[in-house]
$ cat structure16.cif   # mmCIF, C-alpha atoms
data_structure
loop_
_atom_site.label_atom_id
_atom_site.label_comp_id
_atom_site.auth_asym_id
_atom_site.auth_seq_id
_atom_site.Cartn_x
_atom_site.Cartn_y
_atom_site.Cartn_z
CA MET D 1 122.53 79.64 106.62
CA ILE D 2 122.89 82.19 109.40
CA ASN D 3 119.29 81.81 110.55
CA GLN D 4 118.32 78.19 110.97
CA ILE D 5 114.86 76.68 110.92
CA LYS D 6 113.52 75.63 114.33
CA ILE D 7 111.29 72.66 115.07
CA LEU D 8 108.60 73.53 117.62
CA SER D 9 106.75 70.20 117.44
CA GLU D 10 108.10 66.92 116.03
CA PRO D 11 105.82 64.40 114.25
CA SER D 12 104.42 61.56 116.34
CA ILE D 13 101.47 59.20 116.47
CA GLN D 14 99.71 61.66 118.78
CA ASN D 15 100.66 64.72 116.69
CA PRO D 16 100.96 63.72 113.01
CA TYR D 17 102.53 66.98 111.90
CA VAL D 18 105.57 69.22 112.26
CA ILE D 19 105.35 72.81 113.48
CA VAL D 20 108.41 74.63 112.17
CA TYR D 21 109.68 78.19 112.40
CA LYS D 22 110.86 79.55 109.03
CA PRO D 23 113.40 82.39 109.15
CA LYS D 24 113.33 85.25 106.66
CA GLY D 25 115.18 84.67 103.40
CA ILE D 26 114.45 80.99 102.75
CA PRO D 27 111.54 79.67 100.63
CA SER D 28 108.85 77.55 102.24
CA ALA D 29 108.76 74.93 99.48
CA PRO D 30 111.06 73.51 96.78
CA LEU D 31 110.86 74.83 93.24
CA SER D 32 112.10 71.57 91.72
CA LEU D 33 112.81 67.98 92.75
CA ASP D 34 116.51 68.69 93.35
CA ASP D 35 115.95 71.97 95.24
CA THR D 36 117.07 71.61 98.87
CA ASN D 37 117.34 75.26 99.90
CA ASN D 38 113.87 75.47 101.38
CA VAL D 39 112.10 74.69 104.63
CA TYR D 40 110.22 71.60 103.47
CA SER D 41 113.33 69.84 102.13
CA GLN D 42 115.35 70.56 105.26
CA VAL D 43 112.60 69.29 107.56
CA ALA D 44 112.07 66.17 105.41
CA GLN D 45 115.77 65.33 105.72
CA LYS D 46 115.23 65.11 109.47
CA PHE D 47 111.84 63.37 109.21
CA PRO D 48 111.79 61.26 105.99
CA GLU D 49 108.26 60.02 106.71
CA LEU D 50 106.98 63.39 105.49
CA ASP D 51 107.71 62.36 101.90
CA ILE D 52 104.95 59.73 101.90
CA VAL D 53 102.23 62.38 102.00
CA ILE D 54 100.69 63.32 98.65
CA GLY D 55 99.77 66.98 98.49
CA LYS D 56 98.28 69.31 95.91
CA LYS D 57 101.78 69.76 94.51
CA GLU D 58 103.95 66.67 94.31
CA ILE D 59 107.13 68.37 95.54
CA GLU D 60 105.38 70.04 98.49
CA HIS D 61 103.97 66.78 99.96
CA GLY D 62 102.22 67.60 103.28
CA LEU D 63 103.03 71.30 103.45
CA ILE D 64 99.71 72.85 104.48
CA HIS D 65 100.50 76.49 103.66
CA ARG D 66 103.42 78.68 102.60
CA LEU D 67 104.98 81.96 103.64
CA ASP D 68 106.64 84.51 101.38
CA THR D 69 110.41 84.10 101.27
CA VAL D 70 110.88 87.50 102.95
CA THR D 71 108.51 86.56 105.80
CA ASP D 72 109.43 84.55 108.88
CA GLY D 73 107.07 82.50 110.98
CA LEU D 74 105.24 79.25 111.57
CA LEU D 75 104.48 76.50 109.05
CA VAL D 76 102.66 73.17 109.35
CA ILE D 77 103.81 70.02 107.54
CA THR D 78 101.80 66.82 108.01
CA SER D 79 103.35 63.38 108.42
CA THR D 80 100.29 61.29 107.45
CA GLN D 81 97.87 61.45 104.55
CA GLN D 82 94.92 61.44 106.94
CA ALA D 83 96.21 64.50 108.77
CA TYR D 84 96.91 66.31 105.48
CA ASP D 85 93.41 65.65 104.15
CA PHE D 86 91.93 66.77 107.47
CA PHE D 87 93.84 70.07 107.52
CA ILE D 88 92.97 70.86 103.90
CA GLU D 89 89.28 70.32 104.71
CA GLN D 90 89.60 72.49 107.83
CA GLN D 91 91.17 75.26 105.76
CA SER D 92 88.27 75.14 103.31
CA ILE D 93 85.73 75.73 106.09
CA GLY D 94 87.73 78.41 107.89
CA ASN D 95 88.95 76.40 110.87
CA PHE D 96 92.68 76.92 110.25
CA ILE D 97 93.58 80.45 111.38
CA LYS D 98 96.91 82.17 110.77
CA PHE D 99 98.06 85.21 112.74
CA TYR D 100 100.62 87.81 111.64
CA SER D 101 102.31 90.71 113.40
CA ALA D 102 103.38 93.81 111.48
CA GLU D 103 104.76 97.29 111.99
CA CYS D 104 103.19 99.71 109.53
CA LYS D 105 103.72 103.27 108.35
CA ILE D 106 100.59 105.41 108.11
CA ASN D 107 100.37 106.63 104.51
CA LYS D 108 96.90 106.97 103.00
CA GLN D 109 98.37 107.91 99.59
CA ASN D 110 100.44 104.72 99.37
CA SER D 111 98.08 102.73 97.14
CA GLU D 112 97.45 105.67 94.80
CA ILE D 113 101.18 106.02 94.13
CA LEU D 114 101.64 102.28 93.56
CA GLU D 115 98.69 102.19 91.12
CA GLY D 116 96.33 99.34 90.29
CA PHE D 117 94.42 99.58 93.58
CA PRO D 118 90.70 100.40 93.66
CA LYS D 119 89.92 103.65 95.45
CA ILE D 120 88.94 103.27 99.08
CA ASP D 121 88.48 105.65 102.01
CA PHE D 122 89.11 103.46 105.02
CA ASP D 123 88.52 104.58 108.62
CA LEU D 124 91.76 103.86 110.49
CA SER D 125 90.55 105.28 113.82
CA LYS D 126 89.06 101.98 114.99
CA ASP D 127 91.15 99.46 116.94
CA PHE D 128 89.65 96.45 115.17
CA PHE D 129 88.38 96.14 111.61
CA THR D 130 88.14 93.75 108.66
CA ILE D 131 89.40 94.29 105.11
CA SER D 132 87.72 92.22 102.39
CA SER D 133 88.19 91.90 98.63
CA PHE D 134 88.63 89.59 95.71
CA PHE D 135 92.13 89.49 94.20
CA ARG D 136 93.86 89.59 90.82
CA THR D 137 97.48 89.08 89.87
CA TYR D 138 99.34 92.19 88.79
CA LYS D 139 102.38 93.01 86.65
CA GLN D 140 104.35 90.64 84.44
CA GLY D 141 104.50 87.12 85.79
CA GLY D 142 101.93 87.89 88.50
CA LYS D 143 104.64 88.98 90.92
CA GLU D 144 102.19 91.23 92.76
CA VAL D 145 98.48 91.20 93.53
CA ARG D 146 95.76 93.84 93.72
CA PRO D 147 92.37 93.88 95.48
CA VAL D 148 89.21 93.77 93.36
CA ILE D 149 85.92 95.16 94.67
CA GLU D 150 82.51 96.11 93.32
CA ASN D 151 83.64 99.49 91.96
CA SER D 152 86.81 98.12 90.32
CA SER D 153 87.19 98.55 86.58
CA LYS D 154 85.86 95.97 84.12
CA PHE D 155 89.47 95.20 83.19
CA ALA D 156 90.37 94.43 86.82
CA LYS D 157 87.33 92.19 87.25
CA LYS D 158 88.25 90.22 84.12
CA LYS D 159 91.70 89.59 85.61
CA MET D 160 90.31 88.14 88.86
CA GLY D 161 91.42 84.69 89.90
CA LYS D 162 88.94 82.69 91.95
CA LEU D 163 85.51 84.25 92.45
CA LYS D 164 86.21 84.16 96.15
CA GLU D 165 86.33 86.97 98.69
CA TYR D 166 89.23 87.02 101.14
CA SER D 167 89.15 88.81 104.50
CA THR D 168 91.91 90.10 106.77
CA ASN D 169 91.07 90.92 110.38
CA VAL D 170 93.23 93.71 111.83
CA GLN D 171 93.76 94.48 115.52
CA ILE D 172 95.64 97.70 116.30
CA LEU D 173 98.03 96.97 119.18
CA GLN D 174 99.91 100.26 119.42
CA ARG D 175 99.76 103.69 117.80
CA ASP D 176 102.53 106.26 117.47
CA CYS D 177 102.64 109.51 115.50
CA ASP D 178 103.03 107.92 112.06
CA THR D 179 103.31 104.18 112.74
CA VAL D 180 101.13 101.41 114.14
CA LYS D 181 101.73 97.87 115.33
CA VAL D 182 99.04 95.40 114.29
CA GLU D 183 98.06 91.76 114.61
CA CYS D 184 96.25 90.35 111.59
CA SER D 185 94.42 87.06 111.19
CA ILE D 186 93.12 85.20 108.16
CA LYS D 187 91.12 82.01 107.75
CA GLN D 188 91.88 81.53 104.07
CA GLY D 189 94.69 83.21 102.21
CA PHE D 190 95.61 84.53 98.79
CA LYS D 191 99.16 85.35 97.71
CA HIS D 192 100.44 88.47 99.57
CA GLN D 193 96.96 88.96 101.01
CA VAL D 194 97.83 90.63 104.32
CA ARG D 195 100.65 92.76 102.88
CA CYS D 196 98.45 93.95 100.01
CA HIS D 197 95.38 94.63 102.16
CA LEU D 198 97.38 96.72 104.64
CA ALA D 199 99.04 98.70 101.85
CA TRP D 200 95.65 99.31 100.22
CA ILE D 201 94.05 100.95 103.27
CA GLY D 202 97.05 103.17 104.02
CA LEU D 203 99.06 101.00 106.42
CA PRO D 204 101.96 99.69 104.28
CA ILE D 205 104.32 97.43 106.22
CA ILE D 206 107.67 98.99 107.05
CA ASN D 207 110.40 97.75 104.64
CA ASP D 208 107.94 95.98 102.35
CA CYS D 209 109.82 96.33 99.07
CA VAL D 210 106.71 95.46 97.01
CA TYR D 211 103.76 97.21 98.66
CA ASN D 212 105.31 100.16 100.51
CA LYS D 213 106.09 103.00 98.10
CA GLU D 214 108.84 104.27 100.44
CA SER D 215 110.68 100.94 100.35
CA LEU D 216 110.42 99.87 96.71
CA ASN D 217 113.37 97.72 95.60
CA GLU D 218 115.12 98.10 98.96
CA ASN D 219 116.73 95.08 100.59
CA LYS D 220 115.82 95.55 104.25
CA GLU D 221 114.05 93.03 106.49
CA ILE D 222 110.30 93.46 106.29
CA CYS D 223 108.61 94.12 109.66
CA PHE D 224 106.20 91.23 109.20
CA SER D 225 106.04 87.78 110.82
CA ALA D 226 103.64 84.84 110.95
CA THR D 227 103.49 84.54 114.72
CA LYS D 228 100.68 82.14 115.62
CA LEU D 229 98.52 79.27 114.35
CA LYS D 230 95.14 78.12 115.65
CA PHE D 231 93.51 74.95 114.37
CA VAL D 232 91.51 71.82 115.20
CA HIS D 233 93.76 68.91 116.15
CA PRO D 234 93.45 66.12 113.52
CA ILE D 235 93.11 63.37 116.16
CA THR D 236 91.72 64.83 119.39
CA LYS D 237 89.60 67.45 117.55
CA GLU D 238 90.53 69.99 120.25
CA ILE D 239 91.30 73.58 119.26
CA ILE D 240 94.99 74.20 119.84
CA GLU D 241 97.40 77.06 119.30
CA TYR D 242 101.10 77.36 118.53
CA GLU D 243 102.91 80.66 118.96
CA TYR D 244 106.49 81.63 118.26
CA LYS D 245 108.30 84.32 120.24
CA GLU D 246 111.99 85.18 120.03
#
$ encode --input "structure16.cif" --output "structure tokens"
Amino acid sequence: MINQIKILSEPSIQNPYVIVYKPKGIPSAPLSLDDTNNVYSQVAQKFPELDIVIGKKEIEHGLIHRLDTVTDGLLVITSTQQAYDFFIEQQSIGNFIKFYSAECKINKQNSEILEGFPKIDFDLSKDFFTISSFFRTYKQGGKEVRPVIENSSKFAKKKMGKLKEYSTNVQILQRDCDTVKVECSIKQGFKHQVRCHLAWIGLPIINDCVYNKESLNENKEICFSATKLKFVHPITKEIIEYEYKE
């Protein structure tokens, strides 16, 4: 691999988890027991104690969350069962916050061209706002997702997954003529949540080959990274942050 994973925090008695930077182009988790081309497997080779943790998926062990293969950024992998159970509980009550940076193209017609999105007229003049919706999988194999809201069609509502609303907080950091830089944060996540929410309101991420109509099927690096994590420490119970900067 040209871009290697980077360990920001090694597991210890005091910190029973690994904080790892995942580069773009490598999956977060294995797809099978013999799959080694992923972040979890590579980290577990260095720290075999990670394999003792039993997670929701057997092959993912203590991996707390995942990132899309095309996205780079920070991941947490626990090294004890107690830490894993603690983080999963913290996620469920909104105390595990993930931050993302993105460069977006302003295009209010984007979601109409992509189809499957409910109509929305979102005010992009504010510097901070929240996008909320339910979600459903979209297209064959559920490769994409679409928001579902009150005025969505009956068909869309029937296709909803969990009856759970997901929110993305958006902070505008910089505005240019037709682009903006944003920082987004989520407490609980659905597949492609941030990418889909931004595309829906007219801020598709530059080089997003799924949700930006100008970049469909292109093979350029998406301008999207998982830059920061904020959570309650499993032992000290202090609120701590990890941030990755090049």
$ closest_residue --input "structure16.cif" --among "D:Cys104, D:Val53, D:Ile206, D:Ile120" --to "Tyr17 in chain D" --atoms "all atoms listed in the file"
D:Val53
$ closest_atom_pairs --input "structure16.cif" --of "range 12-48 of chain D" --to "range 60-71 of chain D" --cutoff "9 Å" --atoms "all atoms listed in the file" --output "Markdown table"
| residue | atom | partner | partner_atom | distance |
| --- | --- | --- | --- | --- |
| D:Tyr17 | CA | D:Gly62 | CA | 8.6 |
| D:Lys22 | CA | D:Thr71 | CA | 8.1 |
| D:Pro23 | CA | D:Thr71 | CA | 7.2 |
| D:Lys24 | CA | D:Val70 | CA | 5.0 |
| D:Gly25 | CA | D:Val70 | CA | 5.2 |
| D:Ile26 | CA | D:Thr69 | CA | 5.3 |
| D:Pro27 | CA | D:Thr69 | CA | 4.6 |
| D:Ser28 | CA | D:Arg66 | CA | 5.6 |
| D:Ala29 | CA | D:Glu60 | CA | 6.0 |
| D:Pro30 | CA | D:Glu60 | CA | 6.9 |
| D:Leu31 | CA | D:Glu60 | CA | 9.0 |
| D:Tyr40 | CA | D:Glu60 | CA | 7.1 |
| D:Ser41 | CA | D:Glu60 | CA | 8.7 |
$ resolve_selection --input "structure16.cif" --expression "the PyMOL selection byres ((chain D and resi 86-93) around 9)" --output "list in words"
Ile64, Thr78, Gln81, Gln82, Ala83, Tyr84, Asp85, Gly94, Asn95, Phe96, Ile97, Lys187, Gln188, Phe231, Val232, His233 and Pro234 of chain D
$ residues_around --input "structure16.cif" --residues "Glu58 in chain D" --least-positions-apart "5" --cutoff "10 Å" --atoms "only C-alpha atoms" --output "PyMOL selection string"
chain D and resi 32-33+51+53
$ write_last_selection --input "structure16.cif" --atoms "C-alpha atoms" --output "JSON list (two decimals), in the coordinates of the input"
[["chain", "number", "residue", "atom", "x", "y", "z"],
["D", 32, "SER", "CA", 112.10, 71.57, 91.72],
["D", 33, "LEU", "CA", 112.81, 67.98, 92.75],
["D", 51, "ASP", "CA", 107.71, 62.36, 101.90],
["D", 53, "VAL", "CA", 102.23, 62.38, 102.00]]
$ closest_residue --input "structure16.cif" --among "D:Trp200, D:Tyr211, D:Tyr100, D:Tyr242" --to "Lys143 in chain D" --atoms "only C-alpha atoms"
D:Tyr211
$ atom_distance --input "structure16.cif" --atom1 "CA of Gln42 in chain D" --atom2 "CA of Ile7 in chain D"
10.8 Å
$ atom_distance --input "structure16.cif" --atom1 "CA of Cys223 in chain D" --atom2 "CA of Asn38 in chain D"
21.1 Å
$ resolve_selection --input "structure16.cif" --expression "the PyMOL selection byres ((chain D and resi 127) around 10)" --output "list in words"
Leu124, Ser125, Lys126, Phe128, Phe129, Val170, Gln171, Ile172, Leu173, Gln174, Arg175 and Val182 of chain D
$ write_last_selection --input "structure16.cif" --atoms "C-alpha atoms" --output "JSON list (two decimals), in the coordinates of the input"
[["chain", "number", "residue", "atom", "x", "y", "z"],
["D", 124, "LEU", "CA", 91.76, 103.86, 110.49],
["D", 125, "SER", "CA", 90.55, 105.28, 113.82],
["D", 126, "LYS", "CA", 89.06, 101.98, 114.99],
["D", 128, "PHE", "CA", 89.65, 96.45, 115.17],
["D", 129, "PHE", "CA", 88.38, 96.14, 111.61],
["D", 170, "VAL", "CA", 93.23, 93.71, 111.83],
["D", 171, "GLN", "CA", 93.76, 94.48, 115.52],
["D", 172, "ILE", "CA", 95.64, 97.70, 116.30],
["D", 173, "LEU", "CA", 98.03, 96.97, 119.18],
["D", 174, "GLN", "CA", 99.91, 100.26, 119.42],
["D", 175, "ARG", "CA", 99.76, 103.69, 117.80],
["D", 182, "VAL", "CA", 99.04, 95.40, 114.29]]
$ residues_around --input "structure16.cif" --residues "Cys209 in chain D" --least-positions-apart "6" --cutoff "8 Å" --atoms "all atoms listed in the file" --output "ChimeraX atom specification"
/D:215-220,222
$ atom_distance --input "structure16.cif" --atom1 "CA of Lys159 in chain D" --atom2 "CA of Phe135 in chain D"
8.6 Å
$ residues_around --input "structure16.cif" --residues "range 192-196 of chain D" --least-positions-apart "2" --cutoff "7 Å" --atoms "only C-alpha atoms" --output "list in words"
Val145, Arg146, Thr168, Gly189, Phe190, Leu198, Ala199, Trp200, Ile205 and Tyr211 of chain D
$ resolve_selection --input "structure16.cif" --expression "the PyMOL selection byres ((chain D and resi 241) around 8)" --output "PyMOL selection string"
chain D and resi 228-231+239-240+242-243
$ closest_residue --input "structure16.cif" --among "D:Ile235, D:Val43, D:Val210, D:Ile201" --to "Leu114 in chain D" --atoms "only C-alpha atoms"
D:Val210
$ closest_residue --input "structure16.cif" --among "D:Ala226, D:Ala102, D:Val39, D:Val18" --to "Gln4 in chain D" --atoms "only C-alpha atoms"
D:Val39
$ closest_residue --input "structure16.cif" --among "D:Asp72, D:Lys57, D:Lys164, D:Gln45" --to "Glu246 in chain D" --atoms "all atoms listed in the file"
D:Asp72
$ closest_residue --input "structure16.cif" --among "D:Ser133, D:Asn110, D:Ser101, D:Ser167" --to "Lys181 in chain D" --atoms "only C-alpha atoms"
D:Ser101
